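Undergrad: Have a peek at data14.txt (compact mmCIF, C-alpha atoms).
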# COMPACT_ATOMS: atom_id res chain seq x y z
CA MET A 1 -129.28 223.25 36.17
CA SER A 2 -125.63 224.17 36.37
CA LEU A 3 -123.61 223.12 39.40
CA ARG A 4 -122.07 226.05 41.26
CA LEU A 5 -118.39 225.30 41.90
CA ASP A 6 -116.93 227.20 44.84
CA TYR A 7 -113.35 225.95 45.22
CA SER A 8 -111.26 227.11 48.16
CA HIS A 9 -107.98 226.28 49.87
CA ASP A 10 -107.26 226.71 53.59
CA ASN A 11 -103.68 228.01 53.86
CA VAL A 12 -103.46 227.01 57.53
CA THR A 13 -104.58 223.35 57.23
CA HIS A 14 -103.65 223.00 53.53
CA ARG A 15 -107.00 221.37 52.83
CA ASN A 16 -109.02 221.85 49.63
CA PHE A 17 -112.78 222.42 49.64
CA LEU A 18 -115.43 222.30 46.93
CA ASN A 19 -118.73 223.93 47.91
CA GLY A 20 -117.69 223.74 51.55
CA GLN A 21 -116.94 220.00 51.45
CA PRO A 22 -113.37 218.71 51.87
CA VAL A 23 -111.94 217.21 48.67
CA VAL A 24 -108.68 215.52 47.73
CA MET A 25 -107.33 215.98 44.25
CA HIS A 26 -106.13 212.68 42.80
CA SER A 27 -104.89 211.02 39.68
CA HIS A 28 -106.13 208.05 37.71
CA HIS A 29 -103.08 206.18 39.03
CA TYR A 30 -104.32 206.54 42.61
CA LEU A 31 -107.84 205.35 41.80
CA ALA A 32 -106.47 202.50 39.69
CA LEU A 33 -104.26 201.42 42.60
CA ILE A 34 -107.16 201.55 45.07
CA THR A 35 -109.27 199.52 42.65
CA LYS A 36 -106.47 196.98 42.19
CA LEU A 37 -106.19 196.62 45.97
CA VAL A 38 -109.95 196.04 46.15
CA GLU A 39 -109.75 193.41 43.41
CA ASP A 40 -106.85 191.69 45.20
CA GLN A 41 -108.80 191.62 48.48
CA ALA A 42 -112.01 190.11 47.09
CA ASP A 43 -111.98 187.40 49.77
CA ILE A 44 -112.71 189.97 52.51
CA GLY A 45 -115.43 191.82 50.58
CA ALA A 46 -113.28 194.81 49.71
CA ALA A 47 -115.52 195.82 46.78
CA LYS A 48 -118.49 196.20 49.13
CA ILE A 49 -116.37 198.18 51.58
CA LEU A 50 -115.33 200.61 48.83
CA ARG A 51 -118.87 200.90 47.45
CA ASP A 52 -120.36 201.54 50.90
CA SER A 53 -117.65 204.07 51.79
CA VAL A 54 -118.17 206.03 48.59
CA GLU A 55 -121.95 205.91 48.99
CA ASP A 56 -121.78 207.23 52.55
CA THR A 57 -119.29 209.97 51.71
CA MET A 58 -120.92 211.21 48.53
CA ARG A 59 -124.41 211.13 50.00
CA THR A 60 -123.31 213.83 52.46
CA VAL A 61 -121.83 215.96 49.66
CA PHE A 62 -124.95 215.68 47.50
CA GLU A 63 -127.42 216.39 50.31
CA ASP A 64 -125.40 219.39 51.50
CA TYR A 65 -125.49 220.92 48.01
CA ILE A 66 -129.17 220.07 47.48
CA ASP A 67 -130.18 221.56 50.84
CA LYS A 68 -128.08 224.74 50.49
CA ASN A 69 -129.46 225.38 47.00
CA GLY A 70 -133.10 224.46 47.67
CA LEU A 71 -133.32 221.91 44.85
CA THR A 72 -136.75 220.30 44.79
CA SER A 73 -137.03 218.32 41.56
CA ALA A 74 -135.63 214.81 41.40
CA GLN A 75 -134.00 215.65 38.07
CA ASP A 76 -132.14 218.65 39.52
CA ARG A 77 -131.07 216.59 42.54
CA CYS A 78 -129.83 213.81 40.23
CA ASN A 79 -127.98 216.36 38.11
CA VAL A 80 -126.00 217.36 41.20
CA GLY A 81 -124.41 213.89 41.17
CA ARG A 82 -123.87 213.93 37.42
CA GLU A 83 -122.22 217.33 37.44
CA TYR A 84 -120.08 216.61 40.50
CA TYR A 85 -118.84 213.47 38.73
CA SER A 86 -117.52 215.63 35.91
CA ALA A 87 -116.28 218.39 38.24
CA PHE A 88 -114.22 215.83 40.18
CA GLY A 89 -112.69 214.73 36.88
CA LEU A 90 -114.23 211.25 37.17
CA GLY A 91 -115.79 211.26 33.71
CA LYS A 92 -119.07 211.86 31.96
CA MET A 93 -122.29 210.05 32.83
CA VAL A 94 -125.70 209.82 31.19
CA ILE A 95 -128.54 209.02 33.59
CA THR A 96 -132.04 207.68 32.99
CA GLY A 97 -134.50 206.39 35.53
CA ASP A 98 -136.86 207.14 38.37
CA GLU A 99 -137.25 206.28 42.06
CA ASN A 100 -137.52 202.57 41.17
CA GLY A 101 -134.14 202.52 39.46
CA GLY A 102 -132.64 203.13 36.08
CA GLU A 103 -129.47 203.08 34.06
CA VAL A 104 -126.26 205.08 34.13
CA ARG A 105 -123.85 205.06 31.22
CA LEU A 106 -120.28 206.25 31.55
CA VAL A 107 -119.24 207.80 28.27
CA ARG A 108 -115.85 208.55 29.88
CA SER A 109 -114.48 207.03 33.07
CA HIS A 110 -111.39 208.17 34.93
CA VAL A 111 -111.33 204.90 36.92
CA ASP A 112 -111.70 202.61 33.91
CA GLU A 113 -109.36 204.53 31.65
CA GLY A 114 -106.77 204.65 34.45
CA TRP A 115 -107.07 200.89 34.91
CA VAL A 116 -106.51 200.23 31.22
CA LYS A 117 -103.47 202.55 31.14
CA LYS A 118 -101.96 200.85 34.17
CA TRP A 119 -102.87 197.16 33.65
CA GLY A 120 -104.61 196.80 30.31
CA VAL A 121 -108.06 195.42 29.62
CA HIS A 122 -109.48 193.37 32.50
CA SER A 123 -111.65 190.27 32.36
CA LYS A 124 -114.57 191.90 34.22
CA PRO A 125 -115.97 195.27 35.32
CA ILE A 126 -114.00 196.90 38.16
CA ASN A 127 -115.61 200.28 38.80
CA HIS A 128 -116.75 199.70 42.40
CA PHE A 129 -116.15 203.38 43.15
CA SER A 130 -118.82 204.45 40.64
CA CYS A 131 -121.26 201.81 41.93
CA GLY A 132 -121.19 203.48 45.36
CA TYR A 133 -121.30 206.93 43.80
CA ILE A 134 -124.37 206.07 41.71
CA ALA A 135 -126.15 204.51 44.70
CA ALA A 136 -125.62 207.75 46.66
CA MET A 137 -126.75 209.85 43.70
CA PHE A 138 -130.04 207.95 43.31
CA ALA A 139 -130.73 207.91 47.06
CA ALA A 140 -130.15 211.67 47.34
CA ALA A 141 -132.16 212.40 44.18
CA PHE A 142 -135.19 210.43 45.33
CA LYS A 143 -134.85 211.16 49.08
CA LYS A 144 -134.36 207.53 50.03
CA PRO A 145 -132.23 206.21 52.91
CA SER A 146 -128.69 205.01 52.29
CA LYS A 147 -128.44 201.48 50.89
CA SER A 148 -131.80 201.91 49.10
CA TYR A 149 -130.33 201.13 45.68
CA GLU A 150 -128.41 198.17 44.33
CA VAL A 151 -126.06 199.12 41.51
CA THR A 152 -124.66 196.49 39.14
CA GLU A 153 -121.98 197.27 36.56
CA VAL A 154 -122.89 195.33 33.41
CA ALA A 155 -120.50 196.90 30.88
CA SER A 156 -117.09 198.40 31.47
CA ILE A 157 -114.49 200.40 29.60
CA ALA A 158 -111.90 198.53 31.72
CA ALA A 159 -113.26 195.26 30.33
CA GLY A 160 -113.05 196.47 26.74
CA ASP A 161 -116.56 197.84 26.23
CA SER A 162 -116.98 201.20 24.48
CA GLU A 163 -118.68 202.67 27.57
CA GLY A 164 -119.61 201.70 31.09
CA LYS A 165 -123.16 200.72 31.97
CA PHE A 166 -124.72 200.39 35.42
CA ILE A 167 -128.17 199.04 36.24
CA VAL A 168 -129.78 200.63 39.29
CA LYS A 169 -132.56 198.87 41.21
CA ALA A 170 -134.41 200.01 44.30
CA SER A 171 -133.83 197.48 47.07
Can you dump the structure from the file as structure tokens?
TA:
Amino acid sequence: MSLRLDYSHDNVTHRNFLNGQPVVMHSHHYLALITKLVEDQADIGAAKILRDSVEDTMRTVFEDYIDKNGLTSAQDRCNVGREYYSAFGLGKMVITGDENGGEVRLVRSHVDEGWVKKWGVHSKPINHFSCGYIAAMFAAAFKKPSKSYEVTEVASIAAGDSEGKFIVKAS
């Protein structure tokens, strides 16, 4: 499956759209700053807020694409998330698993690499954004409700590992 990328710009509102969904182009500096803010606000559960926000937002994007393109296989639906991740410039992921869970490896990670450029290697994984993204991807792929998957980052480029690794478990 190859993701169809229909990019458009509304000259009246100055908004960008990808496959009919609003998108904001960003830099690794922006995502690194958001992640730093989340890390600094750990006492209020900021990581969970970011994860949940990304999951809710991306779930809508994935389901819209899946529905409009009549994708029926779980693999094709999962590939929507994988290919969007690359199309957004977030990196490259390798996915294995089924409706019970699985593993996602980040061979490249815009968030992690941005963190390292801005602050250096961190003492722990910080890619909360991708945790929410992966949860949405699995839920959309296997037609489960939101918050059906728990995603744990167990290896991180930002923490000095050669690639990121996320364990996905059905909740």
Undergrad: (-120.5, 205.5, 37.0) in this file's frame - what residues fall within 12 Å of it? Use all atoms listed in the file and give the answer as number ranges by chain.
TA: A: 51, 54, 81-86, 90-95, 103-112, 125-138, 151-157, 163-168
Undergrad: Quick one: distance from atom CA of A:Asn69 to atom CA of A:Asp6 in Å, one decimal?
TA: 12.8 Å
Undergrad: Would you mind telling me which residue in A:Val38, A:Ile66, A:Leu18, A:Met58 lies nearest to A:Lys143 when using all atoms listed in the file?
TA: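 Ranked by minimum distance to A:Lys143, first place goes to A:Ile66.
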Undergrad: So how far away is atom CA of A:Ser53 from atom CA of A:Cys78, in Å?
TA: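 Rounded to one decimal, the two atoms are 19.4 Å apart.
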Undergrad: Rounded to one decimal in Å, what is the spacing between atom CA of A:Leu3 and atom CA of A:Thr60?
TA: 16.0 Å
Undergrad: Could you check the closest approach to A:Leu31 for each of A:Leu50, A:Asp10, A:Ala74, A:Arg59 and tell me which residue wins, using all atoms listed in the file?
TA: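 Nearest candidate to A:Leu31 out of A:Leu50, A:Asp10, A:Ala74, A:Arg59: A:Leu50.
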